[in-house]
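S.K.: Okay, so here is input_28.txt, and as you'll see once you scroll down, it has compact mmCIF, C-alpha atoms.
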# COMPACT_ATOMS: atom_id res chain seq x y z
CA MET A 155 -107.38 -113.98 99.36
CA ALA A 156 -110.86 -113.23 98.05
CA PRO A 157 -111.48 -113.58 94.31
CA THR A 158 -111.04 -110.36 92.37
CA MET A 159 -113.88 -108.92 90.33
CA ASN A 160 -112.25 -108.42 86.97
CA PHE A 161 -115.03 -106.75 85.04
CA HIS A 162 -118.41 -105.14 85.45
CA LEU A 163 -121.10 -106.30 83.06
CA ASP A 164 -123.39 -103.52 81.87
CA ASN A 165 -126.57 -105.58 82.21
CA ASP A 166 -125.52 -107.93 84.95
CA VAL A 167 -125.01 -106.97 88.59
CA LEU A 168 -121.99 -108.53 90.31
CA TYR A 169 -122.40 -106.36 93.38
CA THR A 170 -124.81 -103.82 94.83
CA PRO A 171 -123.54 -100.27 94.13
CA ARG A 172 -124.48 -97.45 96.46
CA HIS A 173 -126.93 -95.97 93.98
CA HIS A 174 -128.71 -99.29 93.47
CA ASN A 175 -132.49 -99.20 93.80
CA ARG A 176 -133.02 -101.29 96.91
CA SER A 177 -136.61 -102.00 95.92
CA GLN A 178 -135.15 -104.24 93.22
CA PRO A 179 -132.92 -106.96 94.63
CA PRO A 180 -129.57 -107.41 92.86
CA ARG A 181 -129.31 -110.27 90.42
CA LYS A 182 -127.41 -113.22 91.78
CA VAL A 183 -124.48 -114.49 89.76
CA SER A 184 -123.61 -118.14 89.38
CA PRO A 185 -120.53 -119.20 91.37
CA ASP A 186 -119.18 -120.46 88.04
CA HIS A 187 -119.20 -116.94 86.57
CA PRO A 188 -115.73 -116.27 85.01
CA ALA A 189 -115.38 -112.97 86.87
CA LEU A 190 -115.38 -114.79 90.19
CA HIS A 191 -112.40 -116.88 89.06
CA GLY A 192 -110.20 -114.07 87.80
CA SER A 193 -111.05 -114.48 84.13
CA LEU A 194 -111.19 -111.59 81.68
CA THR A 195 -113.35 -113.52 79.24
CA PRO A 196 -117.10 -112.97 79.74
CA PRO A 197 -119.63 -115.79 79.39
CA VAL A 198 -120.76 -116.64 75.88
CA ASP A 199 -124.26 -115.37 76.56
CA CYS A 200 -123.09 -112.09 78.14
CA PRO A 201 -125.18 -109.20 76.73
CA SER A 202 -122.57 -106.58 77.62
CA THR A 203 -120.44 -104.90 74.98
CA LYS A 204 -118.19 -103.09 77.46
CA LEU A 205 -115.47 -104.77 79.48
CA LEU A 206 -113.69 -103.14 82.42
CA ASN A 207 -110.72 -104.79 84.11
CA PHE A 208 -110.48 -104.30 87.89
CA SER A 209 -107.94 -107.05 88.56
CA PRO A 210 -104.45 -106.37 89.95
CA GLY A 211 -101.70 -105.28 87.60
CA PRO A 212 -102.30 -103.84 84.14
CA THR A 213 -105.65 -102.61 82.97
CA ASN A 214 -107.27 -101.10 79.90
CA LEU A 215 -105.58 -98.31 77.97
CA PRO A 216 -107.70 -95.50 76.52
CA PRO A 217 -109.23 -96.57 73.17
CA ALA A 218 -107.27 -93.92 71.26
CA VAL A 219 -104.01 -95.23 72.74
CA GLU A 220 -104.90 -98.85 71.99
CA ALA A 221 -105.66 -97.89 68.38
CA ALA A 222 -102.29 -96.14 68.09
CA VAL A 223 -100.55 -99.17 69.63
CA GLN A 224 -102.16 -101.49 67.11
CA SER A 225 -101.12 -99.23 64.24
CA ARG A 226 -97.52 -98.88 65.43
CA CYS A 227 -97.05 -102.52 66.42
CA PHE A 228 -98.60 -103.96 63.26
CA PRO A 229 -98.11 -101.47 60.40
CA ASP A 230 -99.71 -101.81 57.01
CA PRO A 231 -97.25 -103.54 54.59
CA GLN A 232 -97.43 -100.50 52.31
CA GLU A 233 -95.83 -98.36 55.01
CA LYS A 234 -92.53 -100.23 54.53
CA ARG A 235 -91.42 -100.08 58.14
CA LEU A 236 -91.00 -102.41 61.06
CA GLY A 237 -93.53 -102.31 63.87
CA SER A 238 -92.57 -101.36 67.40
CA MET A 239 -92.55 -105.06 68.34
CA ALA A 240 -89.41 -105.38 66.20
CA LEU A 241 -87.83 -102.07 67.23
CA SER A 242 -84.15 -102.48 68.12
CA HIS A 243 -83.01 -100.89 71.36
CA ARG A 244 -79.87 -99.79 69.47
CA SER A 245 -81.75 -98.03 66.70
CA PRO A 246 -81.84 -94.22 66.38
CA GLU A 247 -85.64 -94.46 66.41
CA PHE A 248 -85.59 -95.98 69.87
CA GLY A 249 -82.93 -93.52 70.99
CA ALA A 250 -85.31 -90.69 70.11
CA ILE A 251 -88.14 -92.43 71.98
CA LEU A 252 -85.95 -92.85 75.07
CA GLU A 253 -84.98 -89.18 75.11
CA ARG A 254 -88.64 -88.20 74.77
CA ILE A 255 -89.64 -90.49 77.64
CA LEU A 256 -86.91 -89.13 79.92
CA ALA A 257 -87.84 -85.53 79.15
CA LEU A 258 -91.58 -86.08 79.56
CA SER A 259 -91.09 -88.05 82.78
CA ARG A 260 -89.10 -85.21 84.28
CA GLN A 261 -91.63 -82.63 83.11
CA VAL A 262 -94.84 -84.42 84.15
CA MET A 263 -93.52 -85.60 87.52
CA GLU A 264 -91.63 -82.32 88.14
CA VAL A 265 -88.38 -84.18 88.90
CA PRO A 266 -85.66 -81.73 90.03
CA ASP A 267 -82.29 -81.58 88.27
CA GLU A 268 -80.46 -83.26 91.14
CA TYR A 269 -82.19 -86.55 90.33
CA GLU A 270 -81.43 -89.12 87.63
CA ILE A 271 -84.18 -91.10 85.88
CA LEU A 272 -83.68 -94.61 84.55
CA PHE A 273 -85.75 -97.54 83.39
CA THR A 274 -85.15 -101.14 84.34
CA GLN A 275 -86.73 -104.58 84.44
CA GLY A 276 -87.84 -106.67 87.40
CA GLY A 277 -90.82 -104.65 88.62
CA GLY A 278 -91.24 -103.69 92.25
CA HIS A 279 -89.92 -107.02 93.48
CA GLY A 280 -86.65 -106.39 91.68
CA GLN A 281 -86.28 -103.09 93.51
CA PHE A 282 -86.91 -104.77 96.86
CA ALA A 283 -83.41 -106.20 96.40
CA ALA A 284 -81.85 -103.43 94.30
CA ILE A 285 -82.55 -100.67 96.84
CA PRO A 286 -80.45 -102.11 99.70
CA MET A 287 -77.89 -103.42 97.19
CA ASN A 288 -77.29 -99.87 95.96
CA LEU A 289 -77.53 -97.98 99.26
CA CYS A 290 -75.78 -100.35 101.69
CA PRO A 291 -72.11 -100.78 100.65
CA THR A 292 -71.13 -103.46 103.17
CA GLY A 293 -74.43 -105.16 103.95
CA SER A 294 -74.04 -104.38 107.65
CA GLU A 295 -75.84 -101.03 107.42
CA THR A 296 -79.17 -100.45 109.14
CA ALA A 297 -82.20 -99.36 107.11
CA THR A 298 -85.53 -98.41 108.66
CA TYR A 299 -88.63 -99.93 107.04
CA ILE A 300 -92.20 -98.87 107.73
CA THR A 301 -94.36 -101.96 107.25
CA ASN A 302 -97.98 -101.07 106.76
CA GLY A 303 -99.06 -103.81 104.38
CA THR A 304 -98.17 -106.66 102.03
CA TRP A 305 -95.67 -104.91 99.77
CA SER A 306 -93.58 -103.23 102.46
CA LYS A 307 -93.48 -106.54 104.35
CA ARG A 308 -92.15 -108.29 101.25
CA ALA A 309 -89.57 -105.55 100.86
CA VAL A 310 -88.33 -106.20 104.40
CA ASP A 311 -88.09 -109.94 103.79
CA GLU A 312 -85.90 -109.31 100.72
CA ALA A 313 -83.82 -106.61 102.37
CA LYS A 314 -82.68 -108.98 105.12
CA LYS A 315 -80.23 -110.46 102.59
CA TYR A 316 -78.49 -107.13 101.95
CA CYS A 317 -78.80 -104.97 105.09
CA ARG A 318 -80.13 -104.95 108.65
CA PRO A 319 -83.77 -103.83 108.54
CA HIS A 320 -85.09 -101.92 111.52
CA VAL A 321 -88.87 -102.24 111.34
CA ILE A 322 -91.57 -99.80 112.42
CA SER A 323 -94.68 -101.91 111.99
CA SER A 324 -98.39 -101.19 112.10
CA MET A 325 -99.34 -104.75 111.15
CA ASN A 326 -101.89 -106.54 113.31
CA ASN A 327 -101.25 -110.00 114.75
CA ASP A 328 -103.50 -111.60 112.14
CA GLY A 329 -101.47 -110.06 109.29
CA SER A 330 -103.96 -107.31 108.50
CA CYS A 331 -103.20 -103.60 108.62
CA THR A 332 -105.64 -100.72 109.07
CA ILE A 333 -103.48 -97.75 110.11
CA PHE A 334 -100.23 -96.02 109.18
CA PRO A 335 -97.75 -95.24 111.98
CA SER A 336 -98.02 -91.66 113.19
CA LEU A 337 -95.33 -89.16 112.27
CA GLU A 338 -94.55 -88.78 115.96
CA ARG A 339 -93.95 -92.51 116.29
CA ILE A 340 -91.77 -92.58 113.18
CA GLN A 341 -89.68 -89.65 114.45
CA ARG A 342 -89.30 -91.46 117.76
CA GLU A 343 -88.49 -94.95 116.46
CA VAL A 344 -86.49 -94.37 113.26
CA ASP A 345 -82.85 -95.37 113.56
CA PRO A 346 -80.97 -92.07 112.97
CA ASN A 347 -78.04 -94.00 111.50
CA SER A 348 -80.20 -95.66 108.85
CA ALA A 349 -79.01 -95.67 105.26
CA PHE A 350 -82.61 -94.86 104.31
CA LEU A 351 -86.23 -94.89 105.47
CA TYR A 352 -88.45 -97.10 103.31
CA VAL A 353 -92.18 -96.62 102.74
CA CYS A 354 -94.81 -97.91 100.32
CA SER A 355 -97.05 -94.97 99.49
CA ASN A 356 -100.05 -97.11 98.52
CA GLU A 357 -100.54 -100.57 100.02
CA THR A 358 -103.11 -101.84 97.51
CA VAL A 359 -103.79 -105.18 99.20
CA ASN A 360 -104.48 -103.56 102.56
CA GLY A 361 -106.10 -100.38 101.25
CA LEU A 362 -103.79 -97.80 102.87
CA GLU A 363 -102.56 -94.84 100.80
CA LEU A 364 -100.48 -91.84 101.78
CA HIS A 365 -101.99 -88.82 100.07
CA ARG A 366 -98.93 -86.82 101.16
CA LEU A 367 -95.47 -88.25 101.70
CA LEU A 368 -93.64 -87.87 104.99
CA PRO A 369 -91.82 -84.57 105.60
CA THR A 370 -88.07 -84.56 106.08
CA LEU A 371 -87.32 -86.26 109.40
CA ASP A 372 -85.30 -84.54 112.10
CA CYS A 373 -82.47 -87.04 111.62
CA GLY A 374 -82.27 -86.31 107.88
CA VAL A 375 -82.51 -89.94 106.71
CA PRO A 376 -83.35 -90.07 102.97
CA LEU A 377 -86.75 -91.48 102.02
CA VAL A 378 -87.16 -94.43 99.64
CA VAL A 379 -90.65 -94.70 98.15
CA ASP A 380 -92.37 -97.61 96.43
CA ALA A 381 -94.91 -95.62 94.40
CA SER A 382 -95.88 -98.40 92.01
CA SER A 383 -99.62 -97.92 92.23
CA ASP A 384 -100.04 -94.18 92.70
CA PHE A 385 -97.22 -92.33 90.93
CA THR A 386 -98.31 -89.68 88.41
CA SER A 387 -101.65 -89.49 90.27
CA LYS A 388 -100.59 -86.68 92.61
CA PRO A 389 -97.72 -84.23 93.16
CA ILE A 390 -94.48 -85.55 94.66
CA ALA A 391 -92.65 -83.41 97.22
CA TRP A 392 -89.15 -84.41 96.14
CA ARG A 393 -87.17 -81.98 98.27
CA GLU A 394 -89.67 -81.39 101.06
CA SER A 395 -89.84 -85.13 101.77
CA ASN A 396 -86.08 -85.65 101.32
CA ILE A 397 -86.70 -88.37 98.72
CA GLY A 398 -83.57 -90.35 97.93
CA VAL A 399 -85.12 -92.95 95.62
CA LEU A 400 -88.59 -93.40 94.16
CA PHE A 401 -89.50 -96.41 92.02
CA ALA A 402 -92.64 -97.61 90.29
CA CYS A 403 -93.63 -100.27 87.77
CA ALA A 404 -95.52 -98.95 84.76
CA SER A 405 -98.35 -101.45 84.69
CA LYS A 406 -100.24 -99.86 87.55
CA ASN A 407 -100.71 -96.38 86.12
CA ILE A 408 -99.31 -95.39 82.74
CA GLY A 409 -98.35 -98.37 80.63
CA HIS A 410 -97.93 -102.08 80.15
CA PRO A 411 -95.75 -104.52 82.13
CA GLY A 412 -92.08 -104.85 81.29
CA VAL A 413 -90.58 -101.58 82.49
CA THR A 414 -89.90 -100.05 85.91
CA MET A 415 -89.03 -96.42 86.55
CA VAL A 416 -86.37 -95.51 89.13
CA VAL A 417 -85.66 -91.92 90.16
CA VAL A 418 -82.53 -91.57 92.30
CA ARG A 419 -80.85 -88.54 93.83
CA LYS A 420 -77.36 -88.13 92.43
CA ASP A 421 -75.60 -87.90 95.80
CA LEU A 422 -76.73 -91.48 96.57
CA LEU A 423 -74.99 -92.99 93.54
CA GLY A 424 -71.78 -94.98 93.83
CA ARG A 425 -72.70 -96.69 97.12
CA ALA A 426 -73.49 -100.17 95.84
CA ASN A 427 -72.29 -103.29 97.58
CA ILE A 428 -69.41 -104.73 95.55
CA ARG A 429 -71.16 -108.13 95.62
CA SER A 430 -74.29 -106.73 94.01
CA LEU A 431 -75.40 -108.04 90.66
CA ARG A 432 -74.20 -105.79 87.84
CA VAL A 433 -77.67 -105.80 86.33
CA CYS A 434 -79.00 -104.28 89.58
CA SER A 435 -76.43 -101.47 89.73
CA THR A 436 -78.17 -98.11 89.51
CA THR A 437 -74.90 -96.31 88.81
CA ARG A 438 -74.05 -98.66 85.94
CA ARG A 439 -77.50 -98.35 84.40
CA ILE A 440 -77.34 -94.56 84.48
CA SER A 441 -73.89 -94.55 82.88
CA TRP A 442 -75.33 -96.78 80.12
CA ARG A 443 -78.34 -94.49 79.67
CA THR A 444 -80.73 -97.33 80.69
CA MET A 445 -79.22 -99.59 78.00
CA PHE A 446 -77.39 -102.01 80.33
CA GLY A 447 -79.45 -105.18 80.05
CA MET A 448 -81.63 -104.94 76.97
CA PRO A 449 -84.70 -102.77 77.65
CA PHE A 450 -88.16 -103.63 76.38
CA PRO A 451 -88.72 -101.05 73.60
CA ARG A 452 -92.44 -101.68 73.12
CA SER A 453 -93.33 -101.15 76.79
CA MET A 454 -91.11 -98.10 77.00
CA TRP A 455 -92.60 -96.66 73.81
CA MET A 456 -96.07 -97.02 75.33
CA TRP A 457 -94.88 -95.35 78.56
CA TRP A 458 -95.04 -91.85 77.14
CA GLY A 459 -93.72 -92.35 73.65
CA LEU A 460 -97.19 -92.15 72.12
What do you get writing this file as structure tokens?

M.R.:
Amino acid sequence: MAPTMNFHLDNDVLYTPRHHNRSQPPRKVSPDHPALHGSLTPPVDCPSTKLLNFSPGPTNLPPAVEAAVQSRCFPDPQEKRLGSMALSHRSPEFGAILERILALSRQVMEVPDEYEILFTQGGGHGQFAAIPMNLCPTGSETATYITNGTWSKRAVDEAKKYCRPHVISSMNNDGSCTIFPSLERIQREVDPNSAFLYVCSNETVNGLELHRLLPTLDCGVPLVVDASSDFTSKPIAWRESNIGVLFACASKNIGHPGVTMVVVRKDLLGRANIRSLRVCSTTRRISWRTMFGMPFPRSMWMWWGL
């Protein structure tokens, strides 16, 4: 995989942008430059005062938010309170934060009443296993997976332990992927008896994003969406796309690592395989109001608690 450019230096050109004056050749950067090795620390002699992180995963928060985080995490001793780093998940203060996050999540993402919202750990990779665990009671059920990149392929590899994946692939022989399967092909090849149809709405490694989710298929199979890198960036057609489950890790769009959002339609609860890990049970987590398995208060507070 090619090295990731982690920051753009104001007075140093790491690449030639489209608006670059071609009469002036771009400055060449030493192969030892930290940016070419994934580092977020600029060289000692770097003249830039602005740092932008373009690497995978979390990135910069707005300055106003970072200032608020610093104030809440490390309060002045005269304030006589604990910072959010020491906030107990059993405290009434965190309870109020959790209720605010749930309400704001439903409002901003326009989540209908027939869906439950919960927060968990494990990121997207955790949900690769949790989805079939919770939707395939015996492990012999079929689930259709659209593989159009790295993340959906990983989801299939994990799902093989908990169900029987039926794959609709647009991957090339060399492992690359440049297209998404047509709706006609999906309608034709989806297994109508599938427990769900799985899709990653934005394959970041391969550069394929669905700007609109699939419509409800003729067979009525519920849609499961990995929206880790594009949720809250566009409207979600919950009912029109027959979404059963949507999950996303916070670090891509609206927070720091340590918390994953799962939105599940209520009629799909109570279907978990009896051999599933208790910590992966969606039904159990909802009954515990997200409190089964200690949550990470600081990351959840930064989600929308600011």

S.K.: So that I can see what lies close to Val378 in chain A, please list as a VMD selection string the residues with an atom at most 12 Å from it, counting all atoms listed in the file and leaving out residues fewer than 4 positions away in the same chain.

M.R.: chain A and resid 281 to 282 284 to 286 288 to 289 297 to 300 306 309 348 to 355 367 to 368 370 392 395 to 402 416 to 419 422

S.K.: Ranking A:Asp328, A:Asp380, A:Glu363, A:Glu343 by minimum distance to Thr414 in chain A and counting only C-alpha atoms, which one comes first?

M.R.: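 Answer, going by the shortest atom-to-atom distance: A:Asp380.
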
S.K.: From the list A:Lys234, A:Glu264, A:Thr292, A:Val223, which residue is nearest Ser430 in chain A when using all atoms listed in the file?

M.R.: A:Thr292

S.K.: Please return as a ChimeraX atom specification every residue within 9 Å of (-95.8, -94.9, 91.2), taking into account only C-alpha atoms and the file's own coordinates.

M.R.: /A:355-356,379-387,400-404,406-407,415

S.K.: Could you dump the residues just selected with C-alpha atoms as a compact mmCIF listing (two decimals), in the frame of the given file?

M.R.:
# COMPACT_ATOMS: atom_id res chain seq x y z
CA SER A 355 -97.05 -94.97 99.49
CA ASN A 356 -100.05 -97.11 98.52
CA VAL A 379 -90.65 -94.70 98.15
CA ASP A 380 -92.37 -97.61 96.43
CA ALA A 381 -94.91 -95.62 94.40
CA SER A 382 -95.88 -98.40 92.01
CA SER A 383 -99.62 -97.92 92.23
CA ASP A 384 -100.04 -94.18 92.70
CA PHE A 385 -97.22 -92.33 90.93
CA THR A 386 -98.31 -89.68 88.41
CA SER A 387 -101.65 -89.49 90.27
CA LEU A 400 -88.59 -93.40 94.16
CA PHE A 401 -89.50 -96.41 92.02
CA ALA A 402 -92.64 -97.61 90.29
CA CYS A 403 -93.63 -100.27 87.77
CA ALA A 404 -95.52 -98.95 84.76
CA LYS A 406 -100.24 -99.86 87.55
CA ASN A 407 -100.71 -96.38 86.12
CA MET A 415 -89.03 -96.42 86.55

S.K.: Record the distance separating CA of Glu268 in chain A and CA of Glu312 in chain A, expressed in Å with one decimal.

M.R.: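 Atom-to-atom, CA of Glu268 in chain A and CA of Glu312 in chain A are spaced 28.3 Å apart.
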
S.K.: What gap, in Å, lies between CA of Val359 in chain A and CA of Gly303 in chain A?

M.R.: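 So the answer is 7.1 Å.
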
S.K.: Find the spatial neighbours of range 437-440 of chain A, counting all atoms listed in the file, within a cut-off of 10 Å - ignore same-chain residues fewer than 5 positions away - and output them as a PyMOL selection string.

M.R.: chain A and resi 270-274+288+418+420+422-426+432+445-447

S.K.: With only C-alpha atoms counted, which protein, DNA or RNA residues have an atom no more than 8 Å from (-78.7, -105.9, 104.8) in the file frame? Please answer as a VMD selection string.

M.R.: chain A and resid 286 290 293 to 297 313 to 319

S.K.: Between CA of Asp345 in chain A and CA of Val265 in chain A, what is the distance, to one decimal in Å?

M.R.: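 For CA of Asp345 in chain A relative to CA of Val265 in chain A, the distance reads 27.6 Å.
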
S.K.: Would you mind completing range 384-401 of chain A so that it carries N, CA and C atoms, and writing it out as a PDB file, keeping the file's coordinate frame?

M.R.:
ATOM      1  N   ASP A 384     -99.443 -95.511  92.622  1.00  0.00           N
ATOM      2  CA  ASP A 384    -100.040 -94.180  92.700  1.00  0.00           C
ATOM      3  C   ASP A 384     -99.182 -93.069  92.107  1.00  0.00           C
ATOM      4  N   PHE A 385     -98.026 -93.400  91.522  1.00  0.00           N
ATOM      5  CA  PHE A 385     -97.220 -92.330  90.930  1.00  0.00           C
ATOM      6  C   PHE A 385     -97.930 -91.763  89.699  1.00  0.00           C
ATOM      7  N   THR A 386     -97.667 -90.508  89.439  1.00  0.00           N
ATOM      8  CA  THR A 386     -98.310 -89.680  88.410  1.00  0.00           C
ATOM      9  C   THR A 386     -99.764 -89.350  88.741  1.00  0.00           C
ATOM     10  N   SER A 387    -100.267 -89.794  89.896  1.00  0.00           N
ATOM     11  CA  SER A 387    -101.650 -89.490  90.270  1.00  0.00           C
ATOM     12  C   SER A 387    -101.751 -88.290  91.194  1.00  0.00           C
ATOM     13  N   LYS A 388    -100.598 -87.807  91.665  1.00  0.00           N
ATOM     14  CA  LYS A 388    -100.590 -86.680  92.610  1.00  0.00           C
ATOM     15  C   LYS A 388     -99.192 -86.089  92.640  1.00  0.00           C
ATOM     16  N   PRO A 389     -99.048 -84.856  93.095  1.00  0.00           N
ATOM     17  CA  PRO A 389     -97.720 -84.230  93.160  1.00  0.00           C
ATOM     18  C   PRO A 389     -96.791 -84.984  94.109  1.00  0.00           C
ATOM     19  N   ILE A 390     -95.501 -84.918  93.820  1.00  0.00           N
ATOM     20  CA  ILE A 390     -94.480 -85.550  94.660  1.00  0.00           C
ATOM     21  C   ILE A 390     -93.573 -84.463  95.234  1.00  0.00           C
ATOM     22  N   ALA A 391     -93.472 -84.427  96.542  1.00  0.00           N
ATOM     23  CA  ALA A 391     -92.650 -83.410  97.220  1.00  0.00           C
ATOM     24  C   ALA A 391     -91.213 -83.918  97.311  1.00  0.00           C
ATOM     25  N   TRP A 392     -90.484 -83.820  96.223  1.00  0.00           N
ATOM     26  CA  TRP A 392     -89.150 -84.410  96.140  1.00  0.00           C
ATOM     27  C   TRP A 392     -88.220 -83.884  97.232  1.00  0.00           C
ATOM     28  N   ARG A 393     -88.111 -82.580  97.322  1.00  0.00           N
ATOM     29  CA  ARG A 393     -87.170 -81.980  98.270  1.00  0.00           C
ATOM     30  C   ARG A 393     -87.758 -81.898  99.672  1.00  0.00           C
ATOM     31  N   GLU A 394     -89.049 -81.542  99.743  1.00  0.00           N
ATOM     32  CA  GLU A 394     -89.670 -81.390 101.060  1.00  0.00           C
ATOM     33  C   GLU A 394     -89.711 -82.708 101.833  1.00  0.00           C
ATOM     34  N   SER A 395     -89.802 -83.824 101.119  1.00  0.00           N
ATOM     35  CA  SER A 395     -89.840 -85.130 101.770  1.00  0.00           C
ATOM     36  C   SER A 395     -88.470 -85.812 101.804  1.00  0.00           C
ATOM     37  N   ASN A 396     -87.444 -85.104 101.311  1.00  0.00           N
ATOM     38  CA  ASN A 396     -86.080 -85.650 101.320  1.00  0.00           C
ATOM     39  C   ASN A 396     -86.029 -87.013 100.615  1.00  0.00           C
ATOM     40  N   ILE A 397     -86.653 -87.098  99.449  1.00  0.00           N
ATOM     41  CA  ILE A 397     -86.700 -88.370  98.720  1.00  0.00           C
ATOM     42  C   ILE A 397     -85.326 -88.690  98.145  1.00  0.00           C
ATOM     43  N   GLY A 398     -84.840 -89.875  98.474  1.00  0.00           N
ATOM     44  CA  GLY A 398     -83.570 -90.350  97.930  1.00  0.00           C
ATOM     45  C   GLY A 398     -83.799 -91.176  96.682  1.00  0.00           C
ATOM     46  N   VAL A 399     -84.782 -92.091  96.758  1.00  0.00           N
ATOM     47  CA  VAL A 399     -85.120 -92.950  95.620  1.00  0.00           C
ATOM     48  C   VAL A 399     -86.632 -93.120  95.575  1.00  0.00           C
ATOM     49  N   LEU A 400     -87.191 -93.062  94.381  1.00  0.00           N
ATOM     50  CA  LEU A 400     -88.590 -93.400  94.160  1.00  0.00           C
ATOM     51  C   LEU A 400     -88.646 -94.356  92.977  1.00  0.00           C
ATOM     52  N   PHE A 401     -89.378 -95.459  93.137  1.00  0.00           N
ATOM     53  CA  PHE A 401     -89.500 -96.410  92.020  1.00  0.00           C
ATOM     54  C   PHE A 401     -90.949 -96.799  91.823  1.00  0.00           C
TER      55      PHE A 401
END
